[in-house]
>>> print(open('structure-v4.txt').read())   # compact mmCIF, C-alpha atoms
# COMPACT_ATOMS: atom_id res chain seq x y z
CA MET A 13 115.75 19.10 -100.27
CA LEU A 14 115.31 20.68 -103.73
CA PRO A 15 115.73 24.44 -104.13
CA GLY A 16 112.52 26.35 -104.75
CA ALA A 17 113.06 26.81 -108.49
CA ALA A 18 113.90 23.13 -108.97
CA ALA A 19 110.86 22.05 -106.99
CA ASP A 20 108.62 24.32 -109.06
CA ASP A 21 110.08 22.93 -112.26
CA LEU A 22 109.55 19.37 -111.03
CA TRP A 23 105.91 20.24 -110.19
CA ASP A 24 105.10 22.03 -113.42
CA ASN A 25 106.94 19.86 -115.92
CA ALA A 26 106.40 16.41 -114.45
CA PRO A 27 105.40 13.68 -116.95
CA CYS A 28 101.99 13.51 -115.23
CA GLY A 29 99.36 16.00 -114.17
CA TYR A 30 99.25 17.39 -110.65
CA LEU A 31 96.55 19.39 -108.97
CA SER A 32 95.74 20.48 -105.44
CA THR A 33 92.22 21.16 -104.24
CA ARG A 34 90.49 22.17 -101.07
CA PRO A 35 88.49 19.48 -99.20
CA ASP A 36 85.39 20.46 -101.20
CA GLY A 37 87.23 19.88 -104.49
CA THR A 38 87.88 23.54 -105.38
CA ILE A 39 91.05 23.74 -107.46
CA VAL A 40 93.91 25.64 -105.83
CA ARG A 41 96.82 24.78 -108.10
CA VAL A 42 97.35 22.87 -111.37
CA ASN A 43 100.70 22.02 -112.94
CA ALA A 44 101.66 23.03 -116.48
CA THR A 45 101.54 19.45 -117.77
CA LEU A 46 97.84 19.08 -117.02
CA LEU A 47 97.09 22.59 -118.27
CA ASN A 48 98.79 21.78 -121.58
CA TRP A 49 96.86 18.50 -121.91
CA LEU A 50 93.54 20.27 -121.34
CA GLY A 51 94.31 23.53 -123.14
CA TYR A 52 93.44 25.74 -120.18
CA GLY A 53 95.26 28.61 -118.54
CA ALA A 54 95.85 28.47 -114.79
CA GLU A 55 93.51 31.41 -114.19
CA GLU A 56 90.69 29.62 -116.05
CA LEU A 57 90.67 26.72 -113.59
CA ALA A 58 91.24 28.67 -110.39
CA GLY A 59 88.15 28.46 -108.21
CA ARG A 60 86.51 25.68 -110.24
CA ARG A 61 85.93 22.24 -108.79
CA PHE A 62 87.78 19.18 -109.98
CA SER A 63 84.44 17.53 -110.77
CA ASP A 64 83.70 20.39 -113.22
CA LEU A 65 86.39 18.95 -115.49
CA LEU A 66 84.63 15.60 -115.73
CA THR A 67 82.03 14.35 -118.18
CA ALA A 68 78.43 14.07 -117.00
CA GLY A 69 78.90 10.37 -116.28
CA GLY A 70 82.21 11.10 -114.57
CA ARG A 71 80.60 13.66 -112.28
CA LEU A 72 77.97 11.13 -111.27
CA TYR A 73 80.67 8.53 -110.57
CA HIS A 74 82.66 11.15 -108.63
CA GLU A 75 79.75 11.90 -106.34
CA THR A 76 78.58 8.31 -105.80
CA HIS A 77 81.89 6.41 -105.69
CA TYR A 78 85.05 8.46 -105.99
CA ALA A 79 84.41 11.07 -103.28
CA PRO A 80 82.88 8.63 -100.72
CA LEU A 81 85.78 6.19 -101.15
CA LEU A 82 88.29 9.00 -100.74
CA ARG A 83 86.64 10.13 -97.48
CA MET A 84 86.49 6.56 -96.15
CA GLN A 85 89.96 5.35 -97.16
CA SER A 86 91.90 8.66 -97.36
CA GLU A 87 93.04 7.64 -100.84
CA VAL A 88 91.81 6.25 -104.14
CA ARG A 89 94.01 4.68 -106.81
CA GLU A 90 93.82 3.99 -110.55
CA ILE A 91 90.35 5.46 -111.10
CA ALA A 92 89.58 5.64 -114.83
CA LEU A 93 87.86 8.91 -115.79
CA ASP A 94 87.52 11.22 -118.78
CA LEU A 95 88.49 14.91 -118.40
CA VAL A 96 86.90 17.45 -120.74
CA ALA A 97 89.46 19.72 -122.44
CA ALA A 98 88.90 23.38 -123.28
CA ASP A 99 87.97 22.47 -126.86
CA GLY A 100 85.39 19.90 -125.71
CA THR A 101 87.47 16.81 -126.47
CA ARG A 102 87.87 14.07 -123.92
CA LEU A 103 91.12 13.03 -122.29
CA PRO A 104 91.07 9.53 -120.79
CA VAL A 105 93.06 9.53 -117.54
CA LEU A 106 93.86 7.45 -114.49
CA VAL A 107 93.50 9.38 -111.24
CA ASN A 108 95.11 8.85 -107.84
CA SER A 109 94.07 11.06 -104.94
CA THR A 110 95.09 11.35 -101.27
CA LEU A 111 93.73 13.47 -98.45
CA ARG A 112 96.11 16.01 -96.90
CA ALA A 113 95.49 16.14 -93.18
CA GLY A 114 96.54 18.61 -90.50
CA PRO A 115 95.93 19.04 -86.77
CA ASP A 116 92.44 20.34 -87.46
CA GLY A 117 91.47 17.61 -89.92
CA VAL A 118 91.51 17.41 -93.71
CA THR A 119 93.10 20.48 -95.26
CA GLY A 120 93.10 19.49 -98.94
CA ILE A 121 93.35 16.83 -101.61
CA ARG A 122 96.40 15.98 -103.72
CA THR A 123 95.63 14.39 -107.08
CA THR A 124 97.89 12.85 -109.70
CA VAL A 125 96.58 12.44 -113.24
CA PHE A 126 98.11 10.05 -115.79
CA ASP A 127 97.40 10.24 -119.52
CA ALA A 128 95.58 6.98 -120.40
CA ARG A 129 95.08 7.58 -124.14
CA ASP A 130 97.56 4.86 -125.12
CA ARG A 131 96.15 2.50 -122.53
CA ARG A 132 92.58 3.19 -123.66
CA ALA A 133 93.59 2.56 -127.28
CA TYR A 134 95.27 -0.67 -126.20
CA GLU A 135 92.13 -1.75 -124.33
CA ARG A 136 89.99 -0.96 -127.37
CA GLU A 137 92.34 -3.01 -129.53
CA LEU A 138 92.14 -5.88 -127.06
CA LEU A 139 88.35 -5.65 -127.08
CA ARG A 140 88.26 -5.57 -130.88
CA THR A 141 90.60 -8.57 -131.05
CA ARG A 142 88.49 -10.46 -128.54
CA GLU A 143 85.30 -9.70 -130.46
CA GLU A 144 86.94 -10.90 -133.66
CA ALA A 145 88.09 -14.06 -131.88
CA ASP A 146 84.56 -14.63 -130.56
CA ARG A 147 83.14 -14.21 -134.06
CA GLU A 148 85.73 -16.61 -135.48
CA ARG A 149 85.01 -19.12 -132.71
CA GLU A 150 81.29 -18.94 -133.47
CA ARG A 151 81.98 -19.32 -137.19
CA LEU A 152 84.08 -22.41 -136.53
CA ALA A 153 81.41 -23.76 -134.19
CA ARG A 154 78.78 -23.34 -136.92
CA LEU A 155 81.10 -25.00 -139.41
CA SER A 156 81.70 -27.88 -137.01
CA ARG A 157 77.97 -28.33 -136.41
CA THR A 158 77.27 -28.29 -140.13
CA LEU A 159 80.03 -30.79 -140.84
CA GLN A 160 78.88 -32.98 -137.96
CA GLU A 161 75.36 -33.02 -139.39
CA THR A 162 76.68 -34.28 -142.73
CA LEU A 163 78.25 -37.26 -140.94
CA LEU A 164 74.88 -38.37 -139.57
CA PRO A 165 71.77 -39.29 -141.56
CA PRO A 166 69.17 -36.50 -141.66
CA GLY A 167 66.53 -39.13 -140.91
CA LEU A 168 66.03 -42.89 -140.85
CA PRO A 169 63.92 -44.70 -143.45
CA GLU A 170 60.59 -46.32 -142.71
CA VAL A 171 60.92 -50.08 -142.30
CA PRO A 172 57.55 -51.89 -142.39
CA GLY A 173 56.93 -53.61 -139.06
CA LEU A 174 59.96 -51.98 -137.40
CA ARG A 175 60.60 -48.77 -135.50
CA ALA A 176 64.04 -47.10 -135.71
CA ALA A 177 65.55 -44.08 -133.96
CA GLY A 178 69.02 -42.59 -133.76
CA TYR A 179 70.63 -40.56 -131.03
CA TYR A 180 73.68 -38.34 -130.98
CA ARG A 181 75.12 -36.19 -128.19
CA ALA A 182 78.18 -34.09 -128.98
CA ALA A 183 81.15 -34.08 -126.64
CA PRO A 184 81.53 -30.93 -124.47
CA THR A 185 84.03 -29.50 -126.96
CA GLU A 186 83.71 -27.59 -130.19
CA MET A 187 85.59 -30.24 -132.13
CA ILE A 188 83.91 -32.56 -134.59
CA GLY A 189 83.20 -35.97 -133.09
CA GLY A 190 83.82 -39.35 -134.66
CA ASP A 191 80.64 -41.27 -133.83
CA PHE A 192 78.32 -42.26 -136.68
CA TYR A 193 75.35 -44.51 -137.48
CA ASP A 194 73.00 -45.28 -140.37
CA LEU A 195 70.10 -47.44 -141.55
CA PHE A 196 69.33 -47.90 -145.25
CA PRO A 197 67.53 -50.31 -147.63
CA LEU A 198 69.43 -52.85 -149.74
CA SER A 199 66.54 -54.53 -151.50
CA PRO A 200 62.82 -55.08 -150.88
CA GLY A 201 62.61 -56.73 -147.46
CA ARG A 202 66.31 -56.29 -146.60
CA TRP A 203 68.03 -53.42 -144.79
CA ALA A 204 71.53 -52.70 -143.54
CA PHE A 205 72.54 -50.71 -140.49
CA PHE A 206 75.73 -49.78 -138.69
CA ILE A 207 77.18 -47.78 -135.84
CA GLY A 208 80.82 -46.80 -135.46
CA ASP A 209 83.33 -44.70 -133.61
CA VAL A 210 86.49 -43.11 -134.95
CA CYS A 211 89.35 -42.59 -132.54
CA GLY A 212 89.98 -38.88 -132.06
CA LYS A 213 88.17 -35.70 -133.03
CA GLY A 214 88.50 -32.81 -135.43
CA ALA A 215 89.01 -32.64 -139.17
CA GLU A 216 91.04 -35.86 -139.44
CA ALA A 217 88.34 -37.78 -137.57
CA ALA A 218 85.72 -36.30 -139.90
CA VAL A 219 87.67 -37.50 -142.95
CA LEU A 220 87.88 -41.04 -141.57
CA THR A 221 84.22 -40.99 -140.51
CA SER A 222 83.09 -39.93 -143.97
CA LEU A 223 85.25 -42.57 -145.65
CA ALA A 224 83.95 -45.29 -143.31
CA ARG A 225 80.27 -44.36 -143.80
CA TYR A 226 80.38 -44.33 -147.58
CA THR A 227 82.55 -47.44 -147.78
CA LEU A 228 80.09 -49.35 -145.59
CA ARG A 229 77.17 -48.24 -147.74
CA ALA A 230 78.93 -49.21 -150.96
CA ALA A 231 80.26 -52.54 -149.63
CA ALA A 232 76.83 -53.51 -148.28
CA VAL A 233 75.49 -53.54 -151.85
CA GLN A 234 78.26 -55.84 -153.10
CA GLU A 235 79.14 -58.13 -150.20
CA PRO A 236 76.91 -61.06 -149.16
CA ASP A 237 77.32 -60.91 -145.39
CA PRO A 238 78.22 -58.44 -142.60
CA GLY A 239 81.67 -59.94 -142.01
CA SER A 240 82.68 -59.36 -145.63
CA VAL A 241 81.50 -55.76 -145.42
CA LEU A 242 83.78 -55.03 -142.46
CA ARG A 243 86.74 -56.77 -144.08
CA THR A 244 86.23 -54.58 -147.13
CA LEU A 245 86.17 -51.49 -144.92
CA ASN A 246 89.38 -52.58 -143.24
CA ALA A 247 91.09 -53.06 -146.61
CA VAL A 248 89.94 -49.64 -147.85
CA LEU A 249 91.15 -47.91 -144.69
CA LEU A 250 94.57 -49.52 -145.00
CA GLN A 251 94.86 -48.84 -148.71
CA ASP A 252 93.29 -45.41 -149.20
CA TYR A 253 93.63 -43.69 -145.88
CA ARG A 254 97.02 -42.87 -144.39
CA ALA A 255 95.92 -42.20 -140.84
CA PRO A 256 98.21 -40.70 -138.21
CA GLU A 257 99.48 -43.22 -135.68
CA GLY A 258 96.70 -44.31 -133.34
CA ARG A 259 93.87 -43.40 -135.71
CA PHE A 260 91.39 -46.26 -136.18
CA CYS A 261 87.68 -47.01 -135.94
CA THR A 262 85.34 -49.56 -134.41
CA VAL A 263 82.16 -50.65 -136.19
CA LEU A 264 79.09 -52.82 -135.71
CA PHE A 265 77.49 -53.67 -139.05
CA GLY A 266 74.25 -55.61 -139.43
CA LEU A 267 71.65 -56.91 -141.83
CA ILE A 268 67.99 -57.16 -140.89
CA GLU A 269 65.10 -58.81 -142.71
CA PRO A 270 61.54 -59.89 -141.82
CA ASP A 271 61.08 -63.26 -140.14
CA GLY A 272 57.43 -64.06 -139.43
CA ASP A 273 56.12 -61.63 -136.84
CA GLY A 274 59.65 -60.37 -136.13
CA PHE A 275 63.02 -59.78 -137.78
CA ARG A 276 66.20 -61.76 -138.22
CA VAL A 277 69.41 -59.89 -137.45
CA GLU A 278 72.99 -60.71 -138.44
CA LEU A 279 75.78 -58.65 -136.92
CA ALA A 280 79.53 -58.33 -137.49
CA ALA A 281 81.83 -56.47 -135.10
CA GLY A 282 85.20 -54.86 -135.54
CA GLY A 283 86.32 -53.98 -132.02
CA HIS A 284 83.01 -52.32 -131.08
CA PRO A 285 81.02 -52.73 -127.82
CA PRO A 286 78.35 -55.43 -128.15
CA ALA A 287 74.79 -54.61 -129.13
CA LEU A 288 72.09 -55.32 -126.55
CA HIS A 289 69.09 -57.50 -127.39
CA ILE A 290 66.34 -56.35 -125.01
CA THR A 291 63.43 -58.79 -124.92
CA ALA A 292 59.82 -57.88 -124.23
CA ASP A 293 60.04 -59.32 -120.69
CA GLY A 294 63.00 -57.06 -119.74
CA ALA A 295 65.84 -59.55 -120.20
CA VAL A 296 69.00 -58.02 -121.68
CA HIS A 297 71.27 -60.21 -123.80
CA PRO A 298 74.58 -58.70 -125.00
CA MET A 299 75.33 -59.97 -128.49
CA ASP A 300 78.92 -60.84 -127.68
CA THR A 301 81.40 -60.71 -130.54
CA PRO A 302 84.70 -61.37 -128.73
CA GLY A 303 87.96 -61.04 -130.60
CA GLY A 304 86.82 -58.53 -133.18
CA ARG A 305 89.76 -56.26 -133.99
CA LEU A 306 89.92 -52.54 -134.56
CA LEU A 307 89.54 -51.59 -138.21
CA GLY A 308 92.22 -49.75 -140.13
CA VAL A 309 95.11 -51.16 -138.09
CA PHE A 310 95.84 -54.78 -139.10
CA PRO A 311 95.77 -56.21 -142.63
CA ASP A 312 94.24 -59.45 -141.34
CA ALA A 313 91.60 -57.84 -139.13
CA CYS A 314 89.56 -60.43 -137.26
CA VAL A 315 85.82 -59.82 -137.63
CA THR A 316 83.38 -61.71 -135.43
CA THR A 317 79.71 -62.30 -136.09
CA ALA A 318 76.54 -62.99 -134.12
CA GLY A 319 72.87 -63.40 -134.91
CA THR A 320 69.53 -63.11 -133.16
CA ARG A 321 65.82 -62.76 -133.77
CA LEU A 322 63.77 -59.76 -132.68
CA GLY A 323 60.24 -60.71 -131.70
CA PRO A 324 57.28 -58.46 -130.88
CA GLY A 325 58.20 -56.08 -128.04
CA ASP A 326 61.95 -56.71 -128.51
CA ALA A 327 64.59 -54.06 -129.08
CA LEU A 328 68.12 -53.97 -130.47
CA PHE A 329 70.23 -51.27 -128.82
CA LEU A 330 73.54 -50.25 -130.41
CA TYR A 331 75.77 -47.58 -128.85
CA THR A 332 79.27 -46.10 -128.85
CA ASP A 333 81.73 -46.19 -125.99
CA GLY A 334 81.01 -42.61 -124.93
CA LEU A 335 77.99 -44.07 -123.12
CA ILE A 336 79.76 -46.75 -121.08
CA GLU A 337 82.73 -44.44 -120.38
CA ALA A 338 80.50 -41.78 -118.85
CA ARG A 339 80.73 -41.31 -115.06
CA ASP A 340 78.13 -40.69 -112.41
CA PRO A 341 78.47 -37.80 -109.89
CA ARG A 342 80.60 -40.04 -107.66
CA GLY A 343 83.04 -40.68 -110.50
CA ALA A 344 82.04 -44.30 -111.12
CA LEU A 345 81.93 -45.52 -114.72
CA VAL A 346 78.60 -46.46 -116.22
CA GLY A 347 80.20 -49.56 -117.76
CA GLU A 348 78.50 -52.36 -119.64
CA GLY A 349 76.97 -53.87 -116.50
CA ARG A 350 75.17 -50.72 -115.37
CA LEU A 351 74.10 -50.03 -118.93
CA ALA A 352 72.54 -53.49 -119.16
CA SER A 353 70.65 -52.84 -115.91
CA ALA A 354 69.35 -49.53 -117.23
CA ALA A 355 68.47 -51.13 -120.57
CA SER A 356 66.12 -53.60 -118.87
CA GLY A 357 63.89 -50.60 -118.20
CA PHE A 358 63.61 -50.05 -121.95
CA ALA A 359 61.61 -53.24 -122.38
CA GLY A 360 58.42 -52.80 -124.34
CA LEU A 361 59.16 -49.21 -125.33
CA ASP A 362 59.35 -48.14 -128.95
CA ALA A 363 62.54 -46.75 -130.45
CA ASP A 364 61.68 -43.07 -129.93
CA ALA A 365 60.82 -43.63 -126.28
CA ILE A 366 64.11 -45.48 -125.68
CA VAL A 367 66.07 -42.64 -127.26
CA ASP A 368 64.18 -40.20 -125.05
CA ARG A 369 65.08 -42.24 -121.95
CA LEU A 370 68.72 -42.35 -123.07
CA GLY A 371 68.79 -38.58 -123.51
CA ARG A 372 67.45 -38.06 -119.98
CA LEU A 373 70.00 -40.51 -118.58
CA LEU A 374 72.91 -38.65 -120.17
CA SER A 375 71.49 -35.28 -119.12
CA ASP A 376 71.44 -36.52 -115.52
CA LEU A 377 75.11 -37.52 -115.80
CA ASP A 378 75.85 -34.03 -117.21
CA GLN A 379 79.59 -33.33 -116.67
CA GLY A 380 80.27 -37.03 -116.44
CA VAL A 381 79.77 -37.38 -120.20
CA THR A 382 83.13 -36.39 -121.69
CA ASP A 383 82.97 -38.03 -125.12
CA ASP A 384 80.50 -37.82 -127.97
CA THR A 385 77.87 -40.54 -127.79
CA ALA A 386 75.72 -42.15 -130.46
CA ALA A 387 73.06 -44.85 -130.35
CA LEU A 388 70.86 -46.66 -132.84
CA VAL A 389 67.68 -48.39 -131.62
CA LEU A 390 65.52 -50.88 -133.55
CA THR A 391 62.27 -52.12 -132.01
CA VAL A 392 59.50 -54.47 -133.09
CA PRO A 393 56.05 -53.26 -131.98
CA ARG A 394 53.97 -55.68 -129.97
>>> encode(input="structure-v4.txt", output="structure tokens")
Amino acid sequence: MLPGAAADDLWDNAPCGYLSTRPDGTIVRVNATLLNWLGYGAEELAGRRFSDLLTAGGRLYHETHYAPLLRMQSEVREIALDLVAADGTRLPVLVNSTLRAGPDGVTGIRTTVFDARDRRAYERELLRTREEADRERERLARLSRTLQETLLPPGLPEVPGLRAAGYYRAAPTEMIGGDFYDLFPLSPGRWAFFIGDVCGKGAEAAVLTSLARYTLRAAAVQEPDPGSVLRTLNAVLLQDYRAPEGRFCTVLFGLIEPDGDGFRVELAAGGHPPALHITADGAVHPMDTPGGRLLGVFPDACVTTAGTRLGPGDALFLYTDGLIEARDPRGALVGEGRLASAASGFAGLDADAIVDRLGRLLSDLDQGVTDDTAALVLTVPR
């Protein structure tokens, strides 16, 4: 057991504040450490209540939370409060209190006070850093959205006798996606269109997407058929773009021109899921292009072609693999078969209505859609 003088020294000069109060909070004794922190003399605090040292908000918290918890649990730990010093400044502290009990019940309260100025400053710095990170994250998100918008057409041109609509749903990430589509005129009575998907996301995917879009537009003016356009794109990707390993793209490119009361369509595919020809009576015919290779990988990329005619009430539905790789709430893939079944319900609708149906379908899948998804729909009114 420490001698009296040593015990007093330990009490007064401890690295934390000590005070003893009666059960009603009246201060009986305060150590020198706490007195020095607050700038009071011992006689100035004698007879005052501990709650008198708190800010107005602290006193309210003391009465509604601190004191009731102390009575219920016999102790409270790590309570953050502000003490008001003699000069009116605030001292952030952490308070621990325990009830001192005797044979006749509670005889007093022992309280330990820790200086929390460094901790409070650290918390403020953490908060400031987090706010800066949030602002930077929002800035990057805005940048990503702006860049993503430049990779998609702001609108589709009017094609006499045809309705066209595009759809894009971003992946549930803040990274830039690699899906793209377009429709543009080549000459009076002749239009080109395409849809594609770049493997990966982020800045590198955006570079490849931009290169693919503008190459397809330029090649469409020079090349006579869709297959030649895709072979040109493949050559450009291999020659001008040094992609990281595993970076490639898939593309469906087509030409469309009037044919009586409908339109004639020629398609070329480079590793992309087949377009769906939806007839007015609800039949769905995948425009199979088997064997078409990914673009930007092989010098002798195999490009396959297919053709069809869109009559009144028909639709051509092009999409990226984010749609067929989505999962329902049970975890089952949508797949090409289920998509074809759903597409039969698009029969007779115009392009905008089909895009609206597609949006509702993907919203229903919600968390099951993990990749960005694009679609391009062409319909011939009845």
>>> residues_around(input="structure-v4.txt", residues="A:Ile207", least_positions_apart="4", cutoff="12 Å", atoms="all atoms listed in the file", output="number ranges by chain")
A: 163-165, 178-180, 190-195, 221, 224-225, 228-229, 242, 261-266, 279-287, 329-333, 385-389
>>> write_last_selection(input="structure-v4.txt", atoms="C-alpha atoms", output="PDB file, keeping the file's coordinate frame")
ATOM      1  CA  LEU A 163      78.250 -37.260-140.940  1.00  0.00           C
ATOM      2  CA  LEU A 164      74.880 -38.370-139.570  1.00  0.00           C
ATOM      3  CA  PRO A 165      71.770 -39.290-141.560  1.00  0.00           C
ATOM      4  CA  GLY A 178      69.020 -42.590-133.760  1.00  0.00           C
ATOM      5  CA  TYR A 179      70.630 -40.560-131.030  1.00  0.00           C
ATOM      6  CA  TYR A 180      73.680 -38.340-130.980  1.00  0.00           C
ATOM      7  CA  GLY A 190      83.820 -39.350-134.660  1.00  0.00           C
ATOM      8  CA  ASP A 191      80.640 -41.270-133.830  1.00  0.00           C
ATOM      9  CA  PHE A 192      78.320 -42.260-136.680  1.00  0.00           C
ATOM     10  CA  TYR A 193      75.350 -44.510-137.480  1.00  0.00           C
ATOM     11  CA  ASP A 194      73.000 -45.280-140.370  1.00  0.00           C
ATOM     12  CA  LEU A 195      70.100 -47.440-141.550  1.00  0.00           C
ATOM     13  CA  THR A 221      84.220 -40.990-140.510  1.00  0.00           C
ATOM     14  CA  ALA A 224      83.950 -45.290-143.310  1.00  0.00           C
ATOM     15  CA  ARG A 225      80.270 -44.360-143.800  1.00  0.00           C
ATOM     16  CA  LEU A 228      80.090 -49.350-145.590  1.00  0.00           C
ATOM     17  CA  ARG A 229      77.170 -48.240-147.740  1.00  0.00           C
ATOM     18  CA  LEU A 242      83.780 -55.030-142.460  1.00  0.00           C
ATOM     19  CA  CYS A 261      87.680 -47.010-135.940  1.00  0.00           C
ATOM     20  CA  THR A 262      85.340 -49.560-134.410  1.00  0.00           C
ATOM     21  CA  VAL A 263      82.160 -50.650-136.190  1.00  0.00           C
ATOM     22  CA  LEU A 264      79.090 -52.820-135.710  1.00  0.00           C
ATOM     23  CA  PHE A 265      77.490 -53.670-139.050  1.00  0.00           C
ATOM     24  CA  GLY A 266      74.250 -55.610-139.430  1.00  0.00           C
ATOM     25  CA  LEU A 279      75.780 -58.650-136.920  1.00  0.00           C
ATOM     26  CA  ALA A 280      79.530 -58.330-137.490  1.00  0.00           C
ATOM     27  CA  ALA A 281      81.830 -56.470-135.100  1.00  0.00           C
ATOM     28  CA  GLY A 282      85.200 -54.860-135.540  1.00  0.00           C
ATOM     29  CA  GLY A 283      86.320 -53.980-132.020  1.00  0.00           C
ATOM     30  CA  HIS A 284      83.010 -52.320-131.080  1.00  0.00           C
ATOM     31  CA  PRO A 285      81.020 -52.730-127.820  1.00  0.00           C
ATOM     32  CA  PRO A 286      78.350 -55.430-128.150  1.00  0.00           C
ATOM     33  CA  ALA A 287      74.790 -54.610-129.130  1.00  0.00           C
ATOM     34  CA  PHE A 329      70.230 -51.270-128.820  1.00  0.00           C
ATOM     35  CA  LEU A 330      73.540 -50.250-130.410  1.00  0.00           C
ATOM     36  CA  TYR A 331      75.770 -47.580-128.850  1.00  0.00           C
ATOM     37  CA  THR A 332      79.270 -46.100-128.850  1.00  0.00           C
ATOM     38  CA  ASP A 333      81.730 -46.190-125.990  1.00  0.00           C
ATOM     39  CA  THR A 385      77.870 -40.540-127.790  1.00  0.00           C
ATOM     40  CA  ALA A 386      75.720 -42.150-130.460  1.00  0.00           C
ATOM     41  CA  ALA A 387      73.060 -44.850-130.350  1.00  0.00           C
ATOM     42  CA  LEU A 388      70.860 -46.660-132.840  1.00  0.00           C
ATOM     43  CA  VAL A 389      67.680 -48.390-131.620  1.00  0.00           C
TER      44      VAL A 389
END
>>> closest_residue(input="structure-v4.txt", among="A:Ser109, A:Thr382, A:Thr291, A:Ser375", to="A:Gly334", atoms="all atoms listed in the file")
A:Thr382
>>> closest_residue(input="structure-v4.txt", among="A:Leu111, A:Leu307, A:Met299, A:Leu81", to="A:Ala247", atoms="all atoms listed in the file")
A:Leu307
>>> closest_residue(input="structure-v4.txt", among="A:Val392, A:Val96, A:Leu31, A:Leu168", to="A:Gly272", atoms="all atoms listed in the file")
A:Val392
>>> residues_around(input="structure-v4.txt", residues="A:Asp99", least_positions_apart="4", cutoff="10 Å", atoms="only C-alpha atoms", output="VMD selection string")
chain A and resid 50 to 52
>>> residues_around(input="structure-v4.txt", residues="A:Pro169", least_positions_apart="5", cutoff="10 Å", atoms="only C-alpha atoms", output="PyMOL selection string")
chain A and resi 175-177+194-197+203
>>> residues_around(input="structure-v4.txt", residues="stretch 359-361 of chain A", least_positions_apart="3", cutoff="7 Å", atoms="all atoms listed in the file", output="ChimeraX atom specification")
/A:290-294,325-326,356,365-366
>>> residues_around(input="structure-v4.txt", residues="A:Thr320", least_positions_apart="3", cutoff="7 Å", atoms="only C-alpha atoms", output="VMD selection string")
chain A and resid 276 to 278
>>> closest_residue(input="structure-v4.txt", among="A:Val125, A:Ala18, A:Ile188, A:Gln379", to="A:Val42", atoms="only C-alpha atoms")
A:Val125
>>> atom_distance(input="structure-v4.txt", atom1="atom CA of A:Pro35", atom2="atom CA of A:Ala19")
23.8 Å
>>> atom_distance(input="structure-v4.txt", atom1="atom CA of A:Ala355", atom2="atom CA of A:Asp273")
23.0 Å
>>> closest_residue(input="structure-v4.txt", among="A:Leu103, A:Leu198, A:Ala217, A:Cys211", to="A:Glu235", atoms="only C-alpha atoms")
A:Leu198
>>> closest_residue(input="structure-v4.txt", among="A:Leu373, A:Ala54, A:Ala363, A:Val248", to="A:Gly308", atoms="only C-alpha atoms")
A:Val248
>>> atom_distance(input="structure-v4.txt", atom1="atom CA of A:Gly173", atom2="atom CA of A:Pro393")
7.1 Å
>>> residues_near_point(input="structure-v4.txt", point="(95.8, 24.2, -98.2)", cutoff="12 Å", atoms="only C-alpha atoms", output="MDAnalysis selection string")
chainID A and resid 31:41 111:114 116:122
